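This is entry35.cif (mmCIF, C-alpha atoms).
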```
data_protein
#
loop_
_atom_site.group_PDB
_atom_site.id
_atom_site.type_symbol
_atom_site.label_atom_id
_atom_site.label_comp_id
_atom_site.auth_asym_id
_atom_site.auth_seq_id
_atom_site.Cartn_x
_atom_site.Cartn_y
_atom_site.Cartn_z
ATOM 1 C CA MET A 22 4.887 -15.571 -8.880
ATOM 2 C CA ARG A 23 2.057 -13.794 -10.665
ATOM 3 C CA GLU A 24 2.565 -10.059 -10.622
ATOM 4 C CA PHE A 25 -1.074 -9.231 -11.061
ATOM 5 C CA GLU A 26 -4.148 -10.827 -12.556
ATOM 6 C CA ILE A 27 -7.816 -9.889 -12.703
ATOM 7 C CA ASN A 28 -10.731 -12.062 -13.785
ATOM 8 C CA LEU A 29 -14.416 -11.226 -13.810
ATOM 9 C CA GLU A 30 -17.297 -13.537 -12.974
ATOM 10 C CA GLN A 31 -20.964 -12.622 -13.221
ATOM 11 C CA LEU A 32 -22.594 -13.950 -10.040
ATOM 12 C CA SER A 33 -26.064 -12.724 -10.985
ATOM 13 C CA PRO A 34 -27.430 -10.249 -13.537
ATOM 14 C CA GLU A 35 -26.691 -7.477 -11.052
ATOM 15 C CA VAL A 36 -23.652 -8.684 -9.179
ATOM 16 C CA THR A 37 -20.131 -8.949 -10.568
ATOM 17 C CA LEU A 38 -17.315 -10.753 -8.794
ATOM 18 C CA ILE A 39 -13.752 -9.579 -9.463
ATOM 19 C CA HIS A 40 -11.049 -12.152 -8.753
ATOM 20 C CA VAL A 41 -7.751 -10.432 -7.996
ATOM 21 C CA ALA A 42 -4.403 -12.199 -7.689
ATOM 22 C CA GLY A 43 -0.846 -11.058 -7.032
ATOM 23 C CA TRP A 44 0.457 -7.684 -5.868
ATOM 24 C CA LEU A 45 -1.822 -4.685 -5.670
ATOM 25 C CA ASP A 46 0.686 -1.854 -5.440
ATOM 26 C CA ALA A 47 1.490 1.527 -6.997
ATOM 27 C CA HIS A 48 2.424 -0.280 -10.219
ATOM 28 C CA THR A 49 -0.708 -2.384 -10.635
ATOM 29 C CA PHE A 50 -3.473 -0.384 -8.942
ATOM 30 C CA GLU A 51 -4.467 1.368 -12.167
ATOM 31 C CA TYR A 52 -5.529 -1.951 -13.743
ATOM 32 C CA MET A 53 -7.748 -2.562 -10.750
ATOM 33 C CA GLU A 54 -9.117 0.972 -10.852
ATOM 34 C CA GLN A 55 -9.808 0.691 -14.578
ATOM 35 C CA THR A 56 -11.632 -2.614 -14.109
ATOM 36 C CA VAL A 57 -13.923 -1.173 -11.449
ATOM 37 C CA ASN A 58 -14.476 2.044 -13.417
ATOM 38 C CA ASN A 59 -15.444 0.009 -16.481
ATOM 39 C CA LEU A 60 -18.083 -1.788 -14.411
ATOM 40 C CA PHE A 61 -19.392 1.539 -13.108
ATOM 41 C CA THR A 62 -19.588 2.815 -16.690
ATOM 42 C CA GLU A 63 -21.705 -0.236 -17.559
ATOM 43 C CA GLY A 64 -23.988 0.624 -14.642
ATOM 44 C CA LYS A 65 -22.739 -2.302 -12.554
ATOM 45 C CA VAL A 66 -22.481 -0.967 -9.016
ATOM 46 C CA ARG A 67 -22.890 -4.164 -6.983
ATOM 47 C CA ILE A 68 -19.441 -5.636 -6.888
ATOM 48 C CA ALA A 69 -17.773 -8.407 -4.893
ATOM 49 C CA ILE A 70 -13.983 -8.543 -4.863
ATOM 50 C CA ASP A 71 -12.209 -11.806 -4.076
ATOM 51 C CA LEU A 72 -8.940 -10.986 -2.283
ATOM 52 C CA SER A 73 -7.941 -14.521 -1.356
ATOM 53 C CA GLN A 74 -5.089 -14.538 -3.895
ATOM 54 C CA VAL A 75 -3.746 -11.043 -3.185
ATOM 55 C CA GLU A 76 -0.283 -11.471 -1.720
ATOM 56 C CA TYR A 77 0.492 -7.815 -1.095
ATOM 57 C CA ILE A 78 -1.361 -4.534 -0.969
ATOM 58 C CA SER A 79 -0.097 -0.992 -0.434
ATOM 59 C CA SER A 80 -2.018 2.242 0.069
ATOM 60 C CA ALA A 81 -2.323 2.653 -3.706
ATOM 61 C CA GLY A 82 -4.294 -0.598 -3.847
ATOM 62 C CA ALA A 83 -6.326 0.193 -0.756
ATOM 63 C CA GLY A 84 -7.061 3.593 -2.266
ATOM 64 C CA VAL A 85 -8.846 1.942 -5.195
ATOM 65 C CA PHE A 86 -11.256 0.273 -2.781
ATOM 66 C CA ILE A 87 -11.822 3.494 -0.853
ATOM 67 C CA GLY A 88 -12.641 5.431 -4.028
ATOM 68 C CA SER A 89 -14.767 2.613 -5.438
ATOM 69 C CA LEU A 90 -16.801 2.260 -2.268
ATOM 70 C CA ALA A 91 -17.644 5.956 -2.280
ATOM 71 C CA THR A 92 -18.739 5.794 -5.940
ATOM 72 C CA ALA A 93 -20.735 2.584 -5.461
ATOM 73 C CA HIS A 94 -22.601 4.108 -2.496
ATOM 74 C CA GLU A 95 -23.345 7.288 -4.455
ATOM 75 C CA ARG A 96 -24.933 5.156 -7.159
ATOM 76 C CA GLY A 97 -26.966 2.942 -4.842
ATOM 77 C CA GLY A 98 -24.584 -0.009 -4.961
ATOM 78 C CA ASN A 99 -21.949 -1.508 -2.699
ATOM 79 C CA ILE A 100 -18.595 -3.244 -2.647
ATOM 80 C CA VAL A 101 -18.211 -6.491 -0.722
ATOM 81 C CA LEU A 102 -14.737 -7.876 -0.054
ATOM 82 C CA MET A 103 -14.137 -11.607 0.119
ATOM 83 C CA ASN A 104 -11.512 -13.522 2.087
ATOM 84 C CA PRO A 105 -8.608 -11.080 2.360
ATOM 85 C CA THR A 106 -5.230 -12.678 3.096
ATOM 86 C CA GLU A 107 -3.312 -11.810 6.289
ATOM 87 C CA PRO A 108 -1.074 -9.127 4.705
ATOM 88 C CA VAL A 109 -4.146 -7.472 3.180
ATOM 89 C CA LYS A 110 -6.064 -7.657 6.465
ATOM 90 C CA GLU A 111 -3.126 -6.060 8.262
ATOM 91 C CA VAL A 112 -3.172 -3.035 5.941
ATOM 92 C CA PHE A 113 -6.964 -2.755 6.091
ATOM 93 C CA ASP A 114 -6.837 -2.786 9.896
ATOM 94 C CA MET A 115 -4.086 -0.158 9.895
ATOM 95 C CA LEU A 116 -6.185 2.147 7.720
ATOM 96 C CA GLY A 117 -9.431 1.484 9.554
ATOM 97 C CA LEU A 118 -10.966 -0.068 6.448
ATOM 98 C CA SER A 119 -12.017 -3.280 8.146
ATOM 99 C CA GLN A 120 -14.823 -1.336 9.851
ATOM 100 C CA VAL A 121 -15.892 0.423 6.659
ATOM 101 C CA PHE A 122 -16.294 -2.489 4.250
ATOM 102 C CA THR A 123 -18.689 -5.407 4.256
ATOM 103 C CA PHE A 124 -16.913 -8.762 4.146
ATOM 104 C CA ALA A 125 -18.195 -12.117 2.938
ATOM 105 C CA GLN A 126 -16.636 -15.574 2.900
ATOM 106 C CA THR A 127 -18.722 -17.247 0.224
ATOM 107 C CA LYS A 128 -20.375 -16.282 -3.048
ATOM 108 C CA PRO A 129 -23.912 -16.783 -1.650
ATOM 109 C CA ALA A 130 -23.017 -14.567 1.331
ATOM 110 C CA ALA A 131 -21.639 -11.894 -1.025
ATOM 111 C CA LEU A 132 -24.818 -12.088 -3.134
ATOM 112 C CA THR A 133 -26.990 -11.691 -0.054
ATOM 113 C CA ALA A 134 -24.948 -8.710 1.171
ATOM 114 C CA LEU A 135 -25.129 -7.054 -2.234
ATOM 115 C CA LYS A 136 -28.861 -7.654 -2.625
ATOM 116 C CA ALA A 137 -29.245 -5.517 0.460
ATOM 117 C CA ALA A 138 -27.580 -2.578 -1.324
ATOM 118 C CA LYS A 139 -29.873 0.385 -1.756
ATOM 119 C CA MET B 768 22.593 -14.173 14.831
ATOM 120 C CA SER B 769 20.572 -12.135 17.318
ATOM 121 C CA GLN B 770 22.912 -9.128 16.980
ATOM 122 C CA ALA B 771 23.224 -9.443 13.202
ATOM 123 C CA HIS B 772 24.723 -6.419 11.528
ATOM 124 C CA VAL B 773 23.359 -5.814 8.063
ATOM 125 C CA SER B 774 24.569 -3.224 5.585
ATOM 126 C CA ASP B 775 23.261 -3.257 2.039
ATOM 127 C CA ARG B 776 22.002 -1.005 -0.730
ATOM 128 C CA ILE B 777 20.075 -1.100 -3.976
ATOM 129 C CA GLU B 778 19.587 1.538 -6.643
ATOM 130 C CA VAL B 779 16.703 1.334 -9.109
ATOM 131 C CA ASP B 780 15.303 3.434 -11.906
ATOM 132 C CA ALA B 781 12.380 5.444 -10.585
ATOM 133 C CA LYS B 782 9.669 3.296 -12.168
ATOM 134 C CA THR B 783 6.788 1.684 -10.334
ATOM 135 C CA ALA B 784 7.672 -1.599 -12.056
ATOM 136 C CA ASN B 785 10.743 -1.659 -9.784
ATOM 137 C CA LEU B 786 8.762 -1.544 -6.537
ATOM 138 C CA ALA B 787 8.651 -5.338 -6.441
ATOM 139 C CA LYS B 788 12.442 -5.422 -6.811
ATOM 140 C CA VAL B 789 12.842 -3.060 -3.842
ATOM 141 C CA ARG B 790 10.468 -5.171 -1.738
ATOM 142 C CA GLU B 791 12.403 -8.317 -2.617
ATOM 143 C CA PHE B 792 15.687 -6.608 -1.674
ATOM 144 C CA LEU B 793 14.183 -5.574 1.667
ATOM 145 C CA HIS B 794 12.898 -9.049 2.432
ATOM 146 C CA GLY B 795 16.433 -10.356 1.827
ATOM 147 C CA ALA B 796 18.040 -7.731 4.087
ATOM 148 C CA ILE B 797 15.442 -8.213 6.814
ATOM 149 C CA LYS B 798 15.983 -11.979 6.803
ATOM 150 C CA ARG B 799 19.652 -11.371 7.658
ATOM 151 C CA SER B 800 18.754 -8.947 10.462
ATOM 152 C CA SER B 801 17.300 -9.372 13.946
ATOM 153 C CA LEU B 802 13.988 -7.718 13.043
ATOM 154 C CA PRO B 803 11.146 -9.824 14.491
ATOM 155 C CA ALA B 804 8.939 -11.659 11.992
ATOM 156 C CA GLY B 805 5.901 -9.626 13.060
ATOM 157 C CA ASP B 806 7.531 -6.412 11.815
ATOM 158 C CA ILE B 807 8.669 -7.650 8.406
ATOM 159 C CA ASN B 808 5.532 -6.855 6.399
ATOM 160 C CA LYS B 809 5.162 -3.484 8.127
ATOM 161 C CA VAL B 810 8.688 -2.327 7.327
ATOM 162 C CA VAL B 811 8.460 -3.545 3.729
ATOM 163 C CA LEU B 812 5.149 -1.709 3.367
ATOM 164 C CA ALA B 813 6.523 1.553 4.816
ATOM 165 C CA VAL B 814 9.501 1.523 2.442
ATOM 166 C CA ASP B 815 7.282 0.608 -0.509
ATOM 167 C CA GLU B 816 5.063 3.603 0.307
ATOM 168 C CA ALA B 817 8.084 5.906 0.533
ATOM 169 C CA VAL B 818 9.619 4.760 -2.751
ATOM 170 C CA ALA B 819 6.245 4.863 -4.524
ATOM 171 C CA ASN B 820 5.759 8.471 -3.345
ATOM 172 C CA ILE B 821 9.153 9.457 -4.731
ATOM 173 C CA ILE B 822 8.478 7.786 -8.085
ATOM 174 C CA GLN B 823 4.952 9.157 -8.457
ATOM 175 C CA HIS B 824 5.430 12.653 -7.015
ATOM 176 C CA GLY B 825 9.153 13.421 -6.722
ATOM 177 C CA TYR B 826 9.900 12.333 -10.275
ATOM 178 C CA VAL B 827 6.573 13.228 -11.816
ATOM 179 C CA GLY B 828 7.008 13.823 -15.553
ATOM 180 C CA ARG B 829 10.541 12.412 -15.556
ATOM 181 C CA ASP B 830 11.757 8.983 -16.572
ATOM 182 C CA ASP B 831 15.468 9.397 -15.792
ATOM 183 C CA GLY B 832 15.204 9.351 -11.995
ATOM 184 C CA LYS B 833 16.968 6.995 -9.628
ATOM 185 C CA VAL B 834 16.084 5.897 -6.125
ATOM 186 C CA GLU B 835 18.647 4.443 -3.752
ATOM 187 C CA VAL B 836 17.679 2.425 -0.695
ATOM 188 C CA GLN B 837 20.343 1.879 1.968
ATOM 189 C CA ILE B 838 19.952 -0.496 4.899
ATOM 190 C CA GLU B 839 21.896 -0.393 8.157
ATOM 191 C CA ALA B 840 20.810 -2.694 10.919
ATOM 192 C CA ASP B 841 22.271 -3.854 14.205
ATOM 193 C CA GLY B 842 20.779 -5.507 17.260
ATOM 194 C CA SER B 843 18.696 -2.483 18.219
ATOM 195 C CA ARG B 844 17.736 -0.531 15.082
ATOM 196 C CA PHE B 845 16.738 -1.297 11.516
ATOM 197 C CA THR B 846 17.460 1.873 9.554
ATOM 198 C CA ILE B 847 16.475 2.556 5.967
ATOM 199 C CA ARG B 848 17.717 5.643 4.122
ATOM 200 C CA ILE B 849 15.995 6.449 0.841
ATOM 201 C CA LEU B 850 17.797 8.889 -1.446
ATOM 202 C CA ASP B 851 16.472 10.626 -4.530
ATOM 203 C CA SER B 852 17.079 13.720 -6.640
ATOM 204 C CA GLY B 853 13.462 14.493 -7.471
ATOM 205 C CA ILE B 854 11.202 17.295 -6.314
ATOM 206 C CA SER B 855 11.422 17.529 -2.551
ATOM 207 C CA TYR B 856 8.415 17.190 -0.296
ATOM 208 C CA ASP B 857 6.648 20.338 0.708
ATOM 209 C CA THR B 858 7.797 19.898 4.273
ATOM 210 C CA ALA B 859 4.769 21.784 5.548
ATOM 211 C CA LYS B 860 2.730 18.798 4.416
ATOM 212 C CA GLY B 861 5.509 16.278 4.169
ATOM 213 C CA ALA B 862 7.321 13.708 6.210
ATOM 214 C CA ASN B 863 8.205 15.972 9.116
ATOM 215 C CA ALA B 864 4.715 17.409 9.478
ATOM 216 C CA ASN B 865 2.106 15.985 11.781
ATOM 217 C CA ALA B 866 0.553 13.325 9.613
ATOM 218 C CA ASP B 867 -2.344 12.514 11.871
ATOM 219 C CA LEU B 868 -5.136 11.862 9.480
ATOM 220 C CA ASP B 869 -8.827 11.904 10.193
ATOM 221 C CA LEU B 870 -9.088 8.545 8.492
ATOM 222 C CA LYS B 871 -12.810 8.119 9.000
ATOM 223 C CA SER B 872 -13.830 11.304 7.205
ATOM 224 C CA HIS B 873 -11.036 10.773 4.696
ATOM 225 C CA ILE B 874 -12.380 7.355 3.809
ATOM 226 C CA SER B 875 -16.043 8.308 3.786
ATOM 227 C CA ALA B 876 -15.145 11.069 1.313
ATOM 228 C CA GLY B 877 -13.465 8.465 -0.893
ATOM 229 C CA SER B 878 -10.135 10.264 -0.580
ATOM 230 C CA LYS B 879 -6.887 8.365 -1.052
ATOM 231 C CA ARG B 880 -4.388 11.159 -0.480
ATOM 232 C CA GLY B 881 -1.855 10.950 2.303
ATOM 233 C CA LEU B 882 -2.386 7.280 3.116
ATOM 234 C CA GLY B 883 1.221 6.359 2.302
ATOM 235 C CA LEU B 884 2.623 8.924 4.698
ATOM 236 C CA PHE B 885 0.104 7.876 7.334
ATOM 237 C CA ILE B 886 1.292 4.273 7.009
ATOM 238 C CA MET B 887 4.971 5.256 7.203
ATOM 239 C CA ARG B 888 4.432 7.189 10.412
ATOM 240 C CA LYS B 889 2.179 4.549 11.904
ATOM 241 C CA VAL B 890 4.571 1.690 11.222
ATOM 242 C CA MET B 891 8.011 3.194 11.818
ATOM 243 C CA ASP B 892 9.459 4.508 15.082
ATOM 244 C CA GLU B 893 11.287 7.389 13.412
ATOM 245 C CA VAL B 894 10.576 9.212 10.142
ATOM 246 C CA GLN B 895 12.971 12.010 9.219
ATOM 247 C CA TYR B 896 13.284 13.921 6.004
ATOM 248 C CA SER B 897 16.035 16.198 4.811
ATOM 249 C CA SER B 898 16.180 18.197 1.630
ATOM 250 C CA ARG B 899 18.904 20.739 0.886
ATOM 251 C CA GLU B 900 19.507 22.770 -2.247
ATOM 252 C CA GLY B 901 21.937 20.941 -4.512
ATOM 253 C CA GLN B 902 21.869 17.745 -2.468
ATOM 254 C CA GLN B 903 19.867 14.564 -2.645
ATOM 255 C CA ASN B 904 16.654 14.260 -0.655
ATOM 256 C CA VAL B 905 17.069 11.780 2.174
ATOM 257 C CA LEU B 906 14.200 10.054 3.927
ATOM 258 C CA THR B 907 15.290 8.082 6.971
ATOM 259 C CA LEU B 908 13.005 5.435 8.435
ATOM 260 C CA VAL B 909 13.904 3.603 11.630
ATOM 261 C CA LYS B 910 12.305 0.597 13.268
ATOM 262 C CA TYR B 911 13.519 -0.217 16.766
ATOM 263 C CA ILE B 912 14.364 -3.839 17.332
ATOM 264 C CA LYS B 913 12.992 -4.803 20.684
ATOM 265 C CA ALA B 914 14.455 -7.692 22.617
ATOM 266 C CA PRO B 915 11.996 -10.574 22.880
ATOM 267 C CA ALA B 916 10.129 -10.520 26.185
#
```
Take the structure in the file and write it out as structure tokens.
Amino acid sequence: MREFEINLEQLSPEVTLIHVAGWLDAHTFEYMEQTVNNLFTEGKVRIAIDLSQVEYISSAGAGVFIGSLATAHERGGNIVLMNPTEPVKEVFDMLGLSQVFTFAQTKPAALTALKAAK
Amino acid sequence: MSQAHVSDRIEVDAKTANLAKVREFLHGAIKRSSLPAGDINKVVLAVDEAVANIIQHGYVGRDDGKVEVQIEADGSRFTIRILDSGISYDTAKGANANADLDLKSHISAGSKRGLGLFIMRKVMDEVQYSSREGQQNVLTLVKYIKAPA
């Protein structure tokens, strides 16, 4: 089982897709946080995150998304989450995050949602 | 196996790299218990949050800490006791305090603090914490095992 893996894909000049796989817990969340912060530093604030390969998430992982969303909004961008697995959805529902984030199932849908960012 | 009694324990070094080991141990113990499948992820998550808190806050600045997780389960209760010798919770803000969180304003402010405790209290039926001078801190989490309808 993969512990944790991140890959980046440029969907358009403005939109970056982060593929995440494995466990997003108190051990791995800093890699995720660093990845997003690096994008922010580069001025990339329209970000899609593919969660279809995330097998487990704890509050440390969810916390990265909460912090990132606030920063993205401040800078006129947004975060769109793609295809969360059941265990991830369960935690998002528990924390009320499912109502806060925009979700997309496909890359074109994510691009459309992120084009609408301020 | 519906009244399965389970008694088990694991001790790990207080490092976040060991969280996966604790989760794996829990999955194994839960499989041998009568806990319904729908509660498995929730209980594993609550314990993961508790152990992560101890590692990140209780043992902050230390790399010699240990965390012990004890399981006792019968047909009606799945009980997890988590023992550590780190800094105890400030009980005014800690496990015994009212952990109702205004999640909406919390989230809109981008704040991540207190989510672990919120999850523990949301998921478990009992959350008790005891810390006495010269003794280990003990966090007890209980999930009631309800008979299938």
Exercise. Which residues match the PyMOL selection byres ((chain A) within 12 of (chain B)) in the file above, as JSON, numbers by chain?
Worked result: {"A": [22, 23, 24, 25, 43, 44, 45, 46, 47, 48, 49, 50, 51, 76, 77, 78, 79, 80, 81, 82, 83, 84, 85, 86, 87, 88, 89, 90, 91, 92, 93, 94, 95, 107, 108, 109, 110, 111, 112, 113, 114, 115, 116, 117, 118, 119, 120, 121, 122]}
Could you please take those selected residues and save C-alpha atoms as a compact mmCIF listing (two decimals), in the frame of the given file?
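The resulting file, selection.txt, is shown below:
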```
# COMPACT_ATOMS: atom_id res chain seq x y z
CA MET A 22 4.89 -15.57 -8.88
CA ARG A 23 2.06 -13.79 -10.66
CA GLU A 24 2.56 -10.06 -10.62
CA PHE A 25 -1.07 -9.23 -11.06
CA GLY A 43 -0.85 -11.06 -7.03
CA TRP A 44 0.46 -7.68 -5.87
CA LEU A 45 -1.82 -4.68 -5.67
CA ASP A 46 0.69 -1.85 -5.44
CA ALA A 47 1.49 1.53 -7.00
CA HIS A 48 2.42 -0.28 -10.22
CA THR A 49 -0.71 -2.38 -10.64
CA PHE A 50 -3.47 -0.38 -8.94
CA GLU A 51 -4.47 1.37 -12.17
CA GLU A 76 -0.28 -11.47 -1.72
CA TYR A 77 0.49 -7.82 -1.10
CA ILE A 78 -1.36 -4.53 -0.97
CA SER A 79 -0.10 -0.99 -0.43
CA SER A 80 -2.02 2.24 0.07
CA ALA A 81 -2.32 2.65 -3.71
CA GLY A 82 -4.29 -0.60 -3.85
CA ALA A 83 -6.33 0.19 -0.76
CA GLY A 84 -7.06 3.59 -2.27
CA VAL A 85 -8.85 1.94 -5.20
CA PHE A 86 -11.26 0.27 -2.78
CA ILE A 87 -11.82 3.49 -0.85
CA GLY A 88 -12.64 5.43 -4.03
CA SER A 89 -14.77 2.61 -5.44
CA LEU A 90 -16.80 2.26 -2.27
CA ALA A 91 -17.64 5.96 -2.28
CA THR A 92 -18.74 5.79 -5.94
CA ALA A 93 -20.74 2.58 -5.46
CA HIS A 94 -22.60 4.11 -2.50
CA GLU A 95 -23.34 7.29 -4.46
CA GLU A 107 -3.31 -11.81 6.29
CA PRO A 108 -1.07 -9.13 4.70
CA VAL A 109 -4.15 -7.47 3.18
CA LYS A 110 -6.06 -7.66 6.46
CA GLU A 111 -3.13 -6.06 8.26
CA VAL A 112 -3.17 -3.04 5.94
CA PHE A 113 -6.96 -2.76 6.09
CA ASP A 114 -6.84 -2.79 9.90
CA MET A 115 -4.09 -0.16 9.90
CA LEU A 116 -6.18 2.15 7.72
CA GLY A 117 -9.43 1.48 9.55
CA LEU A 118 -10.97 -0.07 6.45
CA SER A 119 -12.02 -3.28 8.15
CA GLN A 120 -14.82 -1.34 9.85
CA VAL A 121 -15.89 0.42 6.66
CA PHE A 122 -16.29 -2.49 4.25
```
Exercise. If the PyMOL selection byres ((chain B and resi 799) around 9) is run on the structure shown, which residues does it catch, given as a PyMOL selection string?
Worked result: chain B and resi 768+771-773+794-798+800-802
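The interatomic distance for the pair atom CA of B:Arg776 and atom CA of A:Val75 works out to 27.7 Å.
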For this session: Work out how far atom CA of A:Tyr52 is from atom CA of A:Glu26, in Å to one decimal.
Result: 9.1 Å
Problem set entry | Residues returned when the PyMOL selection byres ((chain A and resi 31) around 12) runs on this file, as an NGL selection string | :A and (28-30 or 32-40 or 60 or 65 or 67-70 or 128 or 132)
For the residues in the current selection, export C-alpha atoms as a CSV table (one decimal), in the frame of the given file.
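For reference, selection_12.csv as written:
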```
chain,number,residue,atom,x,y,z
A,28,ASN,CA,-10.7,-12.1,-13.8
A,29,LEU,CA,-14.4,-11.2,-13.8
A,30,GLU,CA,-17.3,-13.5,-13.0
A,32,LEU,CA,-22.6,-14.0,-10.0
A,33,SER,CA,-26.1,-12.7,-11.0
A,34,PRO,CA,-27.4,-10.2,-13.5
A,35,GLU,CA,-26.7,-7.5,-11.1
A,36,VAL,CA,-23.7,-8.7,-9.2
A,37,THR,CA,-20.1,-8.9,-10.6
A,38,LEU,CA,-17.3,-10.8,-8.8
A,39,ILE,CA,-13.8,-9.6,-9.5
A,40,HIS,CA,-11.0,-12.2,-8.8
A,60,LEU,CA,-18.1,-1.8,-14.4
A,65,LYS,CA,-22.7,-2.3,-12.6
A,67,ARG,CA,-22.9,-4.2,-7.0
A,68,ILE,CA,-19.4,-5.6,-6.9
A,69,ALA,CA,-17.8,-8.4,-4.9
A,70,ILE,CA,-14.0,-8.5,-4.9
A,128,LYS,CA,-20.4,-16.3,-3.0
A,132,LEU,CA,-24.8,-12.1,-3.1
```
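Interatomic distance, atom CA of B:Val905 against atom CA of B:Gly805: 26.5 Å.
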